[in-house]
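Enquirer: Have a peek at data12.pdb (PDB, C-alpha atoms).
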```
MODEL        1
ATOM      1  CA  MET A  18     174.771-109.321 -30.229
ATOM      2  CA  ASP A  19     174.998-107.321 -27.019
ATOM      3  CA  ASN A  20     173.370-103.963 -27.750
ATOM      4  CA  GLU A  21     173.013-102.595 -24.200
ATOM      5  CA  LYS A  22     176.148-100.468 -24.484
ATOM      6  CA  GLY A  23     175.638 -99.492 -28.111
ATOM      7  CA  ARG A  24     177.914-100.402 -31.019
ATOM      8  CA  CYS A  25     179.632 -98.565 -33.876
ATOM      9  CA  PHE A  26     180.807-100.244 -37.082
ATOM     10  CA  LEU A  27     182.960 -98.972 -39.926
ATOM     11  CA  PHE A  28     182.123-100.709 -43.226
ATOM     12  CA  LEU A  29     184.249 -99.488 -46.142
ATOM     13  CA  GLY A  30     185.122-100.543 -49.670
ATOM     14  CA  PRO A  31     183.589-100.945 -53.138
ATOM     15  CA  GLU A  32     182.020-104.428 -52.740
ATOM     16  CA  LEU A  33     178.399-103.364 -52.370
ATOM     17  CA  GLY A  34     176.733-106.786 -52.240
ATOM     18  CA  GLU A  35     178.718-108.248 -49.341
ATOM     19  CA  LYS A  36     178.523-104.920 -47.518
ATOM     20  CA  ASP A  37     174.736-104.880 -47.820
ATOM     21  CA  ASP A  38     174.633-108.486 -46.603
ATOM     22  CA  ALA A  39     176.629-107.494 -43.497
ATOM     23  CA  VAL A  40     174.222-104.619 -42.782
ATOM     24  CA  ARG A  41     171.231-106.960 -43.190
ATOM     25  CA  GLU A  42     172.806-109.429 -40.777
ATOM     26  CA  ILE A  43     173.205-106.725 -38.122
ATOM     27  CA  ARG A  44     169.632-105.584 -38.762
ATOM     28  CA  ARG A  45     168.348-109.155 -38.278
ATOM     29  CA  ASN A  46     170.217-109.487 -34.984
ATOM     30  CA  LEU A  47     168.633-106.350 -33.570
ATOM     31  CA  GLY A  48     165.157-106.443 -32.050
ATOM     32  CA  GLY A  49     163.177-103.920 -30.103
ATOM     33  CA  GLY A  50     160.475-102.554 -32.361
ATOM     34  CA  PRO A  51     157.116-103.709 -33.692
ATOM     35  CA  GLY A  52     157.661-107.042 -35.374
ATOM     36  CA  GLY A  53     161.078-107.330 -33.761
ATOM     37  CA  HIS A  54     162.698-104.678 -35.982
ATOM     38  CA  PRO A  55     164.840-101.773 -34.775
ATOM     39  CA  GLU A  56     164.011 -98.155 -35.532
ATOM     40  CA  GLU A  57     166.195 -97.251 -38.520
ATOM     41  CA  THR A  58     167.523 -93.876 -39.705
ATOM     42  CA  SER A  59     169.956 -92.906 -42.449
ATOM     43  CA  PHE A  60     172.176 -89.828 -42.682
ATOM     44  CA  TYR A  61     174.385 -88.677 -45.552
ATOM     45  CA  ALA A  62     177.696 -87.054 -44.698
ATOM     46  CA  GLY A  63     177.982 -83.810 -46.624
ATOM     47  CA  GLU A  64     174.205 -83.421 -46.636
ATOM     48  CA  HIS A  65     173.516 -83.594 -42.886
ATOM     49  CA  ALA A  66     175.592 -81.522 -40.461
ATOM     50  CA  ALA A  67     177.752 -83.530 -38.065
ATOM     51  CA  GLY A  68     176.220 -81.643 -35.138
ATOM     52  CA  ASP A  69     172.726 -82.706 -36.166
ATOM     53  CA  ILE A  70     173.860 -86.310 -36.612
ATOM     54  CA  SER A  71     175.533 -86.342 -33.199
ATOM     55  CA  ALA A  72     172.492 -84.800 -31.499
ATOM     56  CA  ALA A  73     170.200 -87.384 -33.116
ATOM     57  CA  LEU A  74     172.499 -90.204 -32.012
ATOM     58  CA  ARG A  75     172.499 -88.998 -28.407
ATOM     59  CA  ASN A  76     168.709 -88.871 -28.207
ATOM     60  CA  ALA A  77     166.956 -92.036 -27.079
ATOM     61  CA  SER A  78     164.324 -93.608 -29.309
ATOM     62  CA  LEU A  79     160.676 -93.092 -28.394
ATOM     63  CA  PHE A  80     159.437 -96.038 -30.431
ATOM     64  CA  SER A  81     161.864 -98.925 -30.046
ATOM     65  CA  ASP A  82     164.318-100.474 -27.620
ATOM     66  CA  GLN A  83     166.932-100.577 -30.365
ATOM     67  CA  ARG A  84     167.986 -98.186 -33.102
ATOM     68  CA  LEU A  85     170.021 -98.762 -36.248
ATOM     69  CA  VAL A  86     171.624 -95.638 -37.726
ATOM     70  CA  LEU A  87     173.410 -95.665 -41.102
ATOM     71  CA  ILE A  88     175.848 -92.829 -41.841
ATOM     72  CA  LYS A  89     176.591 -93.003 -45.570
ATOM     73  CA  ASN A  90     179.441 -91.393 -47.550
ATOM     74  CA  ALA A  91     181.535 -91.402 -44.380
ATOM     75  CA  ASP A  92     184.643 -90.510 -46.405
ATOM     76  CA  LEU A  93     183.162 -87.003 -46.831
ATOM     77  CA  ILE A  94     183.541 -86.278 -43.092
ATOM     78  CA  LYS A  95     186.633 -84.100 -43.355
ATOM     79  CA  ASP A  96     186.164 -81.039 -41.142
ATOM     80  CA  LYS A  97     188.365 -81.318 -38.036
ATOM     81  CA  ASN A  98     185.565 -80.392 -35.613
ATOM     82  CA  ASP A  99     183.090 -82.752 -37.305
ATOM     83  CA  ILE A 100     185.598 -85.591 -37.159
ATOM     84  CA  GLU A 101     186.274 -85.111 -33.454
ATOM     85  CA  LEU A 102     182.571 -84.791 -32.645
ATOM     86  CA  LEU A 103     181.736 -88.107 -34.317
ATOM     87  CA  ALA A 104     184.926 -89.819 -33.103
ATOM     88  CA  SER A 105     183.881 -88.891 -29.565
ATOM     89  CA  TYR A 106     180.529 -90.593 -30.163
ATOM     90  CA  ILE A 107     182.201 -93.711 -31.558
ATOM     91  CA  ARG A 108     184.269 -94.008 -28.384
ATOM     92  CA  SER A 109     181.130 -93.759 -26.218
ATOM     93  CA  PRO A 110     178.009 -94.741 -28.168
ATOM     94  CA  GLN A 111     174.470 -94.334 -26.883
ATOM     95  CA  ALA A 112     172.992 -97.404 -25.193
ATOM     96  CA  GLY A 113     170.613 -99.308 -27.453
ATOM     97  CA  THR A 114     171.973 -97.665 -30.600
ATOM     98  CA  THR A 115     173.942 -99.394 -33.359
ATOM     99  CA  VAL A 116     175.667 -97.074 -35.826
ATOM    100  CA  ILE A 117     177.228 -98.152 -39.120
ATOM    101  CA  PHE A 118     179.516 -95.719 -40.940
ATOM    102  CA  LEU A 119     179.479 -96.621 -44.665
ATOM    103  CA  SER A 120     181.693 -95.618 -47.586
ATOM    104  CA  ASP A 121     182.593 -97.012 -51.011
ATOM    105  CA  GLU A 122     186.133 -95.758 -50.426
ATOM    106  CA  ILE A 123     188.660 -97.747 -48.378
ATOM    107  CA  LYS A 124     189.671 -94.933 -46.014
ATOM    108  CA  VAL A 125     187.995 -92.388 -43.770
ATOM    109  CA  ALA A 126     189.504 -89.729 -41.501
ATOM    110  CA  LYS A 127     192.188 -91.266 -39.293
ATOM    111  CA  ALA A 128     190.542 -90.123 -36.058
ATOM    112  CA  LEU A 129     187.318 -91.933 -37.000
ATOM    113  CA  ASP A 130     189.245 -95.071 -37.864
ATOM    114  CA  ASP A 131     191.249 -94.905 -34.635
ATOM    115  CA  ALA A 132     188.116 -94.446 -32.525
ATOM    116  CA  ALA A 133     186.445 -97.602 -33.891
ATOM    117  CA  ALA A 134     187.142-100.937 -32.195
ATOM    118  CA  PRO A 135     189.337-103.226 -34.333
ATOM    119  CA  ASP A 136     186.670-105.945 -34.493
ATOM    120  CA  SER A 137     184.067-103.455 -35.763
ATOM    121  CA  LYS A 138     185.994-102.431 -38.914
ATOM    122  CA  ARG A 139     185.765-104.193 -42.270
ATOM    123  CA  ILE A 140     186.889-103.329 -45.779
ATOM    124  CA  PHE A 141     184.750-104.994 -48.438
ATOM    125  CA  TRP A 142     187.042-105.432 -51.432
ATOM    126  CA  GLU A 143     185.877-106.114 -54.956
ATOM    127  CA  LEU A 144     186.045-109.766 -55.870
ATOM    128  CA  PHE A 145     189.529-110.981 -56.710
ATOM    129  CA  GLU A 146     190.020-112.478 -60.151
ATOM    130  CA  ASN A 147     190.132-116.035 -58.819
ATOM    131  CA  ARG A 148     186.822-115.568 -56.954
ATOM    132  CA  LYS A 149     184.718-113.987 -59.683
ATOM    133  CA  GLY A 150     184.299-116.978 -61.987
ATOM    134  CA  PRO A 151     183.382-119.417 -59.188
ATOM    135  CA  TRP A 152     180.940-116.855 -57.761
ATOM    136  CA  VAL A 153     179.049-116.604 -61.069
ATOM    137  CA  ARG A 154     179.134-120.374 -61.642
ATOM    138  CA  ASP A 155     177.824-121.067 -58.121
ATOM    139  CA  PHE A 156     175.050-118.496 -58.558
ATOM    140  CA  PHE A 157     173.694-120.228 -61.665
ATOM    141  CA  ARG A 158     174.099-123.651 -60.045
ATOM    142  CA  ARG A 159     171.979-122.517 -57.063
ATOM    143  CA  GLU A 160     169.325-121.325 -59.528
ATOM    144  CA  GLY A 161     169.383-124.723 -61.240
ATOM    145  CA  CYS A 162     170.846-123.249 -64.435
ATOM    146  CA  ARG A 163     173.966-123.903 -66.503
ATOM    147  CA  ILE A 164     176.383-121.379 -68.002
ATOM    148  CA  SER A 165     179.490-122.016 -70.094
ATOM    149  CA  ASP A 166     182.977-120.800 -69.205
ATOM    150  CA  GLU A 167     182.784-118.412 -72.157
ATOM    151  CA  GLY A 168     179.458-117.091 -70.883
ATOM    152  CA  ILE A 169     180.966-116.467 -67.459
ATOM    153  CA  ALA A 170     183.835-114.546 -69.051
ATOM    154  CA  VAL A 171     181.392-112.246 -70.874
ATOM    155  CA  VAL A 172     179.368-111.663 -67.686
ATOM    156  CA  LEU A 173     182.530-110.631 -65.834
ATOM    157  CA  GLU A 174     183.582-108.323 -68.642
ATOM    158  CA  LEU A 175     180.265-106.508 -69.036
ATOM    159  CA  VAL A 176     178.928-106.341 -65.471
ATOM    160  CA  GLU A 177     180.279-104.178 -62.661
ATOM    161  CA  ASN A 178     182.705-105.938 -60.343
ATOM    162  CA  ASN A 179     180.526-106.153 -57.245
ATOM    163  CA  THR A 180     178.184-108.902 -56.143
ATOM    164  CA  GLU A 181     175.156-106.616 -56.047
ATOM    165  CA  ALA A 182     175.404-105.908 -59.797
ATOM    166  CA  LEU A 183     176.401-109.507 -60.586
ATOM    167  CA  LYS A 184     173.460-110.873 -58.606
ATOM    168  CA  ARG A 185     171.035-108.556 -60.412
ATOM    169  CA  GLU A 186     172.214-109.343 -63.956
ATOM    170  CA  CYS A 187     172.798-113.071 -63.374
ATOM    171  CA  GLY A 188     169.347-113.334 -61.824
ATOM    172  CA  ARG A 189     167.798-111.793 -64.928
ATOM    173  CA  LEU A 190     169.774-114.132 -67.192
ATOM    174  CA  ALA A 191     168.710-117.189 -65.200
ATOM    175  CA  LEU A 192     165.066-116.121 -65.245
ATOM    176  CA  PHE A 193     165.079-115.391 -68.987
ATOM    177  CA  TYR A 194     166.869-118.517 -70.239
ATOM    178  CA  GLY A 195     165.616-120.955 -67.614
ATOM    179  CA  LYS A 196     166.954-124.386 -66.723
ATOM    180  CA  ASP A 197     166.693-126.171 -70.070
ATOM    181  CA  ARG A 198     169.674-124.729 -71.933
ATOM    182  CA  LEU A 199     173.349-124.035 -71.480
ATOM    183  CA  ILE A 200     173.806-120.256 -71.416
ATOM    184  CA  GLY A 201     176.687-119.349 -73.718
ATOM    185  CA  ALA A 202     178.706-116.229 -74.509
ATOM    186  CA  GLU A 203     176.389-115.197 -77.359
ATOM    187  CA  ASP A 204     173.365-115.519 -75.069
ATOM    188  CA  VAL A 205     174.959-113.256 -72.474
ATOM    189  CA  GLU A 206     176.026-110.657 -75.049
ATOM    190  CA  GLU A 207     172.576-110.652 -76.662
ATOM    191  CA  TRP A 208     170.806-110.323 -73.320
ATOM    192  CA  LEU A 209     172.992-107.564 -71.944
ATOM    193  CA  SER A 210     173.036-105.594 -75.203
ATOM    194  CA  HIS A 211     169.238-105.880 -75.429
ATOM    195  CA  THR A 212     168.416-105.052 -71.827
ATOM    196  CA  ARG A 213     171.148-102.487 -71.304
ATOM    197  CA  GLU A 214     171.144-100.520 -74.529
ATOM    198  CA  GLU A 215     172.120 -97.532 -72.426
ATOM    199  CA  SER A 216     173.919 -97.848 -69.122
ATOM    200  CA  SER A 217     176.617 -96.216 -67.071
ATOM    201  CA  PHE A 218     179.071 -98.188 -69.242
ATOM    202  CA  THR A 219     177.828 -96.646 -72.486
ATOM    203  CA  LEU A 220     177.736 -93.218 -70.863
ATOM    204  CA  PHE A 221     181.358 -93.709 -69.795
ATOM    205  CA  SER A 222     182.206 -94.631 -73.421
ATOM    206  CA  ARG A 223     180.802 -91.271 -74.551
ATOM    207  CA  ILE A 224     182.763 -89.513 -71.820
ATOM    208  CA  ALA A 225     185.950 -91.330 -72.850
ATOM    209  CA  ALA A 226     185.373 -90.123 -76.421
ATOM    210  CA  GLY A 227     184.764 -86.576 -75.196
ATOM    211  CA  ASP A 228     181.493 -86.369 -77.147
ATOM    212  CA  LEU A 229     179.370 -84.046 -75.015
ATOM    213  CA  THR A 230     176.305 -84.247 -77.284
ATOM    214  CA  LYS A 231     176.290 -88.057 -77.136
ATOM    215  CA  CYS A 232     176.878 -87.912 -73.369
ATOM    216  CA  LEU A 233     173.750 -85.828 -72.875
ATOM    217  CA  GLU A 234     171.760 -88.110 -75.204
ATOM    218  CA  SER A 235     172.830 -91.136 -73.150
ATOM    219  CA  LEU A 236     171.920 -89.345 -69.929
ATOM    220  CA  HIS A 237     168.403 -88.538 -71.186
ATOM    221  CA  THR A 238     167.909 -92.130 -72.354
ATOM    222  CA  LEU A 239     168.863 -93.400 -68.895
ATOM    223  CA  LEU A 240     166.542 -90.933 -67.189
ATOM    224  CA  GLY A 241     163.754 -91.873 -69.606
ATOM    225  CA  ALA A 242     164.257 -95.497 -68.528
ATOM    226  CA  LYS A 243     163.755 -94.380 -64.884
ATOM    227  CA  GLU A 244     167.386 -94.908 -63.872
ATOM    228  CA  SER A 245     168.024 -93.172 -60.561
ATOM    229  CA  PHE A 246     170.748 -90.577 -60.203
ATOM    230  CA  GLN A 247     172.312 -92.801 -57.521
ATOM    231  CA  SER A 248     172.604 -95.626 -60.053
ATOM    232  CA  ILE A 249     174.075 -93.337 -62.723
ATOM    233  CA  LEU A 250     176.653 -91.783 -60.395
ATOM    234  CA  GLY A 251     177.467 -95.146 -58.834
ATOM    235  CA  GLY A 252     178.055 -96.827 -62.198
ATOM    236  CA  LEU A 253     180.256 -94.011 -63.457
ATOM    237  CA  SER A 254     182.210 -94.029 -60.187
ATOM    238  CA  TRP A 255     182.943 -97.717 -60.722
ATOM    239  CA  CYS A 256     184.217 -96.986 -64.260
ATOM    240  CA  PHE A 257     186.488 -94.189 -63.057
ATOM    241  CA  ARG A 258     187.892 -96.337 -60.268
ATOM    242  CA  ARG A 259     188.771 -98.895 -62.933
ATOM    243  CA  LEU A 260     190.360 -96.084 -64.988
ATOM    244  CA  ARG A 261     192.494 -95.300 -61.942
ATOM    245  CA  ASP A 262     193.515 -98.974 -61.772
ATOM    246  CA  TYR A 263     194.423 -98.944 -65.466
ATOM    247  CA  GLN A 264     196.514 -95.784 -65.125
ATOM    248  CA  ALA A 265     198.361 -97.274 -62.158
ATOM    249  CA  LEU A 266     199.259-100.301 -64.304
ATOM    250  CA  VAL A 267     200.546 -98.039 -67.080
ATOM    251  CA  GLU A 268     202.606 -95.975 -64.641
ATOM    252  CA  SER A 269     204.159 -99.113 -63.170
ATOM    253  CA  GLY A 270     205.050-100.420 -66.628
ATOM    254  CA  ALA A 271     202.902-103.528 -66.128
ATOM    255  CA  VAL A 272     200.894-102.832 -69.306
ATOM    256  CA  PRO A 273     201.728-100.922 -72.508
ATOM    257  CA  PRO A 274     200.270 -97.384 -72.619
ATOM    258  CA  ASP A 275     198.882 -97.865 -76.144
ATOM    259  CA  GLY A 276     196.953-101.056 -75.357
ATOM    260  CA  GLY A 277     199.319-103.103 -77.506
ATOM    261  CA  ARG A 278     200.417-106.657 -76.975
ATOM    262  CA  GLY A 279     201.485-107.717 -73.513
ATOM    263  CA  GLY A 280     200.137-107.347 -70.006
ATOM    264  CA  ASP A 281     197.059-109.492 -70.668
ATOM    265  CA  PHE A 282     197.120-111.016 -67.188
ATOM    266  CA  GLU A 283     197.317-107.592 -65.539
ATOM    267  CA  PHE A 284     194.456-106.329 -67.697
ATOM    268  CA  LYS A 285     192.313-109.281 -66.689
ATOM    269  CA  LYS A 286     192.982-108.608 -63.000
ATOM    270  CA  ILE A 287     191.159-105.282 -63.271
ATOM    271  CA  GLY A 288     188.352-106.639 -65.473
ATOM    272  CA  LEU A 289     189.648-105.570 -68.895
ATOM    273  CA  GLY A 290     189.986-108.969 -70.480
ATOM    274  CA  SER A 291     189.211-108.150 -74.111
ATOM    275  CA  VAL A 292     190.746-105.621 -76.461
ATOM    276  CA  LYS A 293     187.293-104.073 -76.926
ATOM    277  CA  SER A 294     186.800-103.492 -73.197
ATOM    278  CA  ARG A 295     190.208-101.824 -72.882
ATOM    279  CA  GLY A 296     189.482 -99.285 -75.587
ATOM    280  CA  ASP A 297     187.414 -96.882 -73.491
ATOM    281  CA  TYR A 298     190.011 -96.750 -70.729
ATOM    282  CA  ILE A 299     192.913 -96.225 -73.125
ATOM    283  CA  GLN A 300     190.935 -93.442 -74.809
ATOM    284  CA  ALA A 301     189.957 -91.822 -71.491
ATOM    285  CA  ASP A 302     193.569 -91.916 -70.316
ATOM    286  CA  ARG A 303     194.763 -90.242 -73.507
ATOM    287  CA  ARG A 304     192.054 -87.596 -73.479
ATOM    288  CA  TYR A 305     191.928 -86.640 -69.807
ATOM    289  CA  GLY A 306     195.284 -87.654 -68.348
ATOM    290  CA  ARG A 307     196.313 -88.737 -64.878
ATOM    291  CA  GLY A 308     194.253 -87.557 -61.930
ATOM    292  CA  ALA A 309     191.019 -87.654 -63.955
ATOM    293  CA  ALA A 310     189.528 -90.358 -61.728
ATOM    294  CA  ASP A 311     190.065 -88.377 -58.539
ATOM    295  CA  ARG A 312     188.684 -85.216 -60.148
ATOM    296  CA  PHE A 313     185.611 -87.124 -61.273
ATOM    297  CA  LEU A 314     184.981 -88.691 -57.870
ATOM    298  CA  SER A 315     185.252 -85.282 -56.194
ATOM    299  CA  LEU A 316     182.724 -83.800 -58.644
ATOM    300  CA  ALA A 317     180.409 -86.807 -58.252
ATOM    301  CA  ALA A 318     180.379 -86.367 -54.466
ATOM    302  CA  GLU A 319     179.522 -82.683 -54.892
ATOM    303  CA  TYR A 320     176.581 -83.414 -57.192
ATOM    304  CA  ASP A 321     175.395 -86.396 -55.156
ATOM    305  CA  THR A 322     174.889 -84.002 -52.244
ATOM    306  CA  ALA A 323     173.234 -81.377 -54.475
ATOM    307  CA  LEU A 324     170.834 -83.955 -55.946
ATOM    308  CA  ARG A 325     169.846 -85.311 -52.535
ATOM    309  CA  THR A 326     169.175 -81.863 -51.096
ATOM    310  CA  GLY A 327     167.797 -80.006 -54.110
ATOM    311  CA  GLY A 328     166.867 -82.632 -56.688
ATOM    312  CA  GLY A 329     163.237 -83.327 -57.526
ATOM    313  CA  PRO A 330     162.161 -81.159 -60.467
ATOM    314  CA  LEU A 331     165.771 -79.921 -60.852
ATOM    315  CA  GLU A 332     167.254 -83.427 -61.115
ATOM    316  CA  THR A 333     167.600 -83.431 -64.911
ATOM    317  CA  LEU A 334     169.138 -79.956 -64.960
ATOM    318  CA  LEU A 335     171.611 -80.842 -62.196
ATOM    319  CA  LEU A 336     172.663 -84.032 -63.977
ATOM    320  CA  GLU A 337     173.134 -82.130 -67.238
ATOM    321  CA  MET A 338     175.325 -79.608 -65.415
ATOM    322  CA  PHE A 339     177.252 -82.491 -63.888
ATOM    323  CA  ILE A 340     177.967 -84.081 -67.296
ATOM    324  CA  ILE A 341     178.971 -80.739 -68.839
ATOM    325  CA  LYS A 342     181.310 -79.901 -65.965
ATOM    326  CA  LEU A 343     182.653 -83.445 -66.012
ATOM    327  CA  VAL A 344     183.559 -83.531 -69.707
ATOM    328  CA  ASN A 345     184.806 -79.941 -69.917
ATOM    329  CA  GLY A 346     186.575 -80.020 -66.558
ATOM    330  CA  LEU A 347     188.374 -83.286 -67.176
ATOM    331  CA  ARG A 348     189.304 -82.251 -70.723
ATOM    332  CA  SER A 349     190.929 -79.072 -69.416
ATOM    333  CA  GLY A 350     192.952 -81.025 -66.872
ATOM    334  CA  ARG A 351     192.078 -78.411 -64.282
ATOM    335  CA  GLY A 352     189.317 -80.365 -62.545
ATOM    336  CA  PRO A 353     185.771 -79.165 -61.828
ATOM    337  CA  GLN A 354     185.272 -75.468 -62.433
TER     338      GLN A 354
ENDMDL
END
```
Would you write out, as structure tokens, the structure that this file holds?
Expert:
Amino acid sequence: MDNEKGRCFLFLGPELGEKDDAVREIRRNLGGGPGGHPEETSFYAGEHAAGDISAALRNASLFSDQRLVLIKNADLIKDKNDIELLASYIRSPQAGTTVIFLSDEIKVAKALDDAAAPDSKRIFWELFENRKGPWVRDFFRREGCRISDEGIAVVLELVENNTEALKRECGRLALFYGKDRLIGAEDVEEWLSHTREESSFTLFSRIAAGDLTKCLESLHTLLGAKESFQSILGGLSWCFRRLRDYQALVESGAVPPDGGRGGDFEFKKIGLGSVKSRGDYIQADRRYGRGAADRFLSLAAEYDTALRTGGGPLETLLLEMFIIKLVNGLRSGRGPQ
């Protein structure tokens, strides 16, 4: 990779594992520091001012020939002046500096997108239905383990649809059951129910039911298990994006609004293969209505910034406020108050 002129990349989309792999590949190709590693810095849009980010990017490194700068939550760069300031940098990056703009969304401000070179932009989509099963099967094969088709189906139903989460849970399954047995559906269900008694999925179930007391109990259980706020917000964001997918199917008439018979193939495409897994999304749609996913994601971005800048001893309180605003705001249909 030629780094003399500097490079800017735009990596978007919800597929966290492949996106992280792409960042690691760029990191490996950069040298310049002790041990051949670049100097690395991360900024969070919404937390760090665009002017401060731009000034830092324009300054040369004192410690390394190469720098790697990650600008996360790039979809939150929305102010016109901020957009133009960073778009100007993208068009003329600092020599020896590689910048990667990152977002779980698939779009950023048009001016940022236009400023990036076509070969520097990638959208990392969630695995398509026809790729998910082979991915899981190949993972276990590489580990020297065996898993049944039914076991694969349960993994795909209960684990978030990105390779980072799949790699983590499949790795634990392979380590626990080893190479001497065929891992079946009951094994997967037992393992995941035992190791994930509380998760973002169960918290979403409480939210779908509108049970604020149970929501707060789930939150405290997760925090007691040392789950990070990033993990909690990230898992819930994934659930609400899937709610948005479900609502789009209902609006198009591809699936029945009451979860009745029909539309099984469409349900499976968005990871809702069983009647049980559909229940939370049907209930959330009924309780909160259309637009709930976008209202949630807006509130999550607001609290992500608040937790990064003023978390610490206030983390539990901020997360409690987030859950209360989430449930009450979505229930009202008016969005965050």
Enquirer: Name the residues, using the chain letters and numbers of the file, that sit within 12 Å of (167.3, -119.1, -69.3) when counting all atoms listed in the file, and give them as a compact mmCIF listing (two decimals) with C-alpha atoms, keeping the file's coordinate frame.
Expert:
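So the final result, stored in part_14.txt, reads:
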```txt
# COMPACT_ATOMS: atom_id res chain seq x y z
CA PHE A 157 173.69 -120.23 -61.66
CA GLU A 160 169.32 -121.32 -59.53
CA GLY A 161 169.38 -124.72 -61.24
CA CYS A 162 170.85 -123.25 -64.44
CA ARG A 163 173.97 -123.90 -66.50
CA ILE A 164 176.38 -121.38 -68.00
CA CYS A 187 172.80 -113.07 -63.37
CA GLY A 188 169.35 -113.33 -61.82
CA ARG A 189 167.80 -111.79 -64.93
CA LEU A 190 169.77 -114.13 -67.19
CA ALA A 191 168.71 -117.19 -65.20
CA LEU A 192 165.07 -116.12 -65.24
CA PHE A 193 165.08 -115.39 -68.99
CA TYR A 194 166.87 -118.52 -70.24
CA GLY A 195 165.62 -120.96 -67.61
CA LYS A 196 166.95 -124.39 -66.72
CA ASP A 197 166.69 -126.17 -70.07
CA ARG A 198 169.67 -124.73 -71.93
CA LEU A 199 173.35 -124.04 -71.48
CA ILE A 200 173.81 -120.26 -71.42
CA GLY A 201 176.69 -119.35 -73.72
CA ASP A 204 173.36 -115.52 -75.07
CA VAL A 205 174.96 -113.26 -72.47
CA TRP A 208 170.81 -110.32 -73.32
```
Enquirer: Residue by residue, what does the PyMOL selection byres ((chain A and resi 144) around 8) grab here? Present the result as a PyMOL selection string.
Expert: chain A and resi 32+142-143+145-146+148-149+178-180
Enquirer: Could you state the separation of atom CA of A:Ser269 and atom CA of A:Trp152 in Å, given to one decimal place?
Expert: 29.7 Å
Enquirer: As a check of understanding, name the residues that the PyMOL selection byres ((chain A and resi 125) around 6) selects in the supplied structure, as a ChimeraX atom specification.
Expert: /A:92,124,126
Enquirer: Quote the spacing between atom CA of A:Gly23 and atom CA of A:Leu119 in Å to one decimal place.
Expert: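 Separation of atom CA of A:Gly23 and atom CA of A:Leu119: 17.2 Å.
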Enquirer: On this structure, the PyMOL selection byres ((chain A and resi 105) around 12) would catch which residues? List them as an MDAnalysis selection string, sorted by chain and number.
Expert: chainID A and resid 25 67:68 71 74:75 98:104 106:111 128:133
Enquirer: Which value, in Å to one decimal, gives the distance between atom CA of A:Ala73 and atom CA of A:Gly30?
Expert: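 According to the coordinates, atom CA of A:Ala73 and atom CA of A:Gly30 are separated by 25.9 Å.
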Enquirer: With distances taken over all atoms listed in the file, which residue among A:Leu220, A:Ile299, A:Thr238, A:Phe246 lies nearest A:Arg325?
Expert: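 The answer is A:Phe246, which sits nearest to A:Arg325.
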Enquirer: Write out as a ChimeraX atom specification each polymer residue whose atoms come within 10 Å of stretch 331-340 of chain A, counting only C-alpha atoms; drop sequence neighbours fewer than 2 positions from it.
Expert: /A:220,224,229,232-233,236-237,240,245-246,249-250,313,316-317,319-321,323-325,327-329,342-346,353
Enquirer: Emit the selected residues as a PDB file, in the frame of the given file, including C-alpha atoms.
Expert:
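Wrote again-v8.pdb, looks like this:
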```pdb
ATOM      1  CA  LEU A 220     177.736 -93.218 -70.863  1.00  0.00           C
ATOM      2  CA  ILE A 224     182.763 -89.513 -71.820  1.00  0.00           C
ATOM      3  CA  LEU A 229     179.370 -84.046 -75.015  1.00  0.00           C
ATOM      4  CA  CYS A 232     176.878 -87.912 -73.369  1.00  0.00           C
ATOM      5  CA  LEU A 233     173.750 -85.828 -72.875  1.00  0.00           C
ATOM      6  CA  LEU A 236     171.920 -89.345 -69.929  1.00  0.00           C
ATOM      7  CA  HIS A 237     168.403 -88.538 -71.186  1.00  0.00           C
ATOM      8  CA  LEU A 240     166.542 -90.933 -67.189  1.00  0.00           C
ATOM      9  CA  SER A 245     168.024 -93.172 -60.561  1.00  0.00           C
ATOM     10  CA  PHE A 246     170.748 -90.577 -60.203  1.00  0.00           C
ATOM     11  CA  ILE A 249     174.075 -93.337 -62.723  1.00  0.00           C
ATOM     12  CA  LEU A 250     176.653 -91.783 -60.395  1.00  0.00           C
ATOM     13  CA  PHE A 313     185.611 -87.124 -61.273  1.00  0.00           C
ATOM     14  CA  LEU A 316     182.724 -83.800 -58.644  1.00  0.00           C
ATOM     15  CA  ALA A 317     180.409 -86.807 -58.252  1.00  0.00           C
ATOM     16  CA  GLU A 319     179.522 -82.683 -54.892  1.00  0.00           C
ATOM     17  CA  TYR A 320     176.581 -83.414 -57.192  1.00  0.00           C
ATOM     18  CA  ASP A 321     175.395 -86.396 -55.156  1.00  0.00           C
ATOM     19  CA  ALA A 323     173.234 -81.377 -54.475  1.00  0.00           C
ATOM     20  CA  LEU A 324     170.834 -83.955 -55.946  1.00  0.00           C
ATOM     21  CA  ARG A 325     169.846 -85.311 -52.535  1.00  0.00           C
ATOM     22  CA  GLY A 327     167.797 -80.006 -54.110  1.00  0.00           C
ATOM     23  CA  GLY A 328     166.867 -82.632 -56.688  1.00  0.00           C
ATOM     24  CA  GLY A 329     163.237 -83.327 -57.526  1.00  0.00           C
ATOM     25  CA  LYS A 342     181.310 -79.901 -65.965  1.00  0.00           C
ATOM     26  CA  LEU A 343     182.653 -83.445 -66.012  1.00  0.00           C
ATOM     27  CA  VAL A 344     183.559 -83.531 -69.707  1.00  0.00           C
ATOM     28  CA  ASN A 345     184.806 -79.941 -69.917  1.00  0.00           C
ATOM     29  CA  GLY A 346     186.575 -80.020 -66.558  1.00  0.00           C
ATOM     30  CA  PRO A 353     185.771 -79.165 -61.828  1.00  0.00           C
TER      31      PRO A 353
END
```
Enquirer: For the point (195.8, -102.9, -63.3) in file coordinates, what residues are within 7 Å, counting all atoms listed in the file? Give the answer as an NGL selection string?
Expert: :A and (262-263 or 265-266 or 283-284 or 286-287)
Enquirer: Residues of stretch 123-160 of chain A that approach stretch 39-42 of chain A to 12 Å or less, counting all atoms listed in the file: could you list each one with the shortest pair of atoms and its distance in Å to one decimal, rows by chain and increasing residue number, as a tab-separated table?
Expert:
```
residue	atom	partner	partner_atom	distance
A:Ser137	CA	A:Ala39	CA	11.5
A:Lys138	CA	A:Ala39	CA	11.6
A:Arg139	CA	A:Ala39	CA	9.8
A:Ile140	CA	A:Ala39	CA	11.3
A:Phe141	CA	A:Ala39	CA	9.8
```
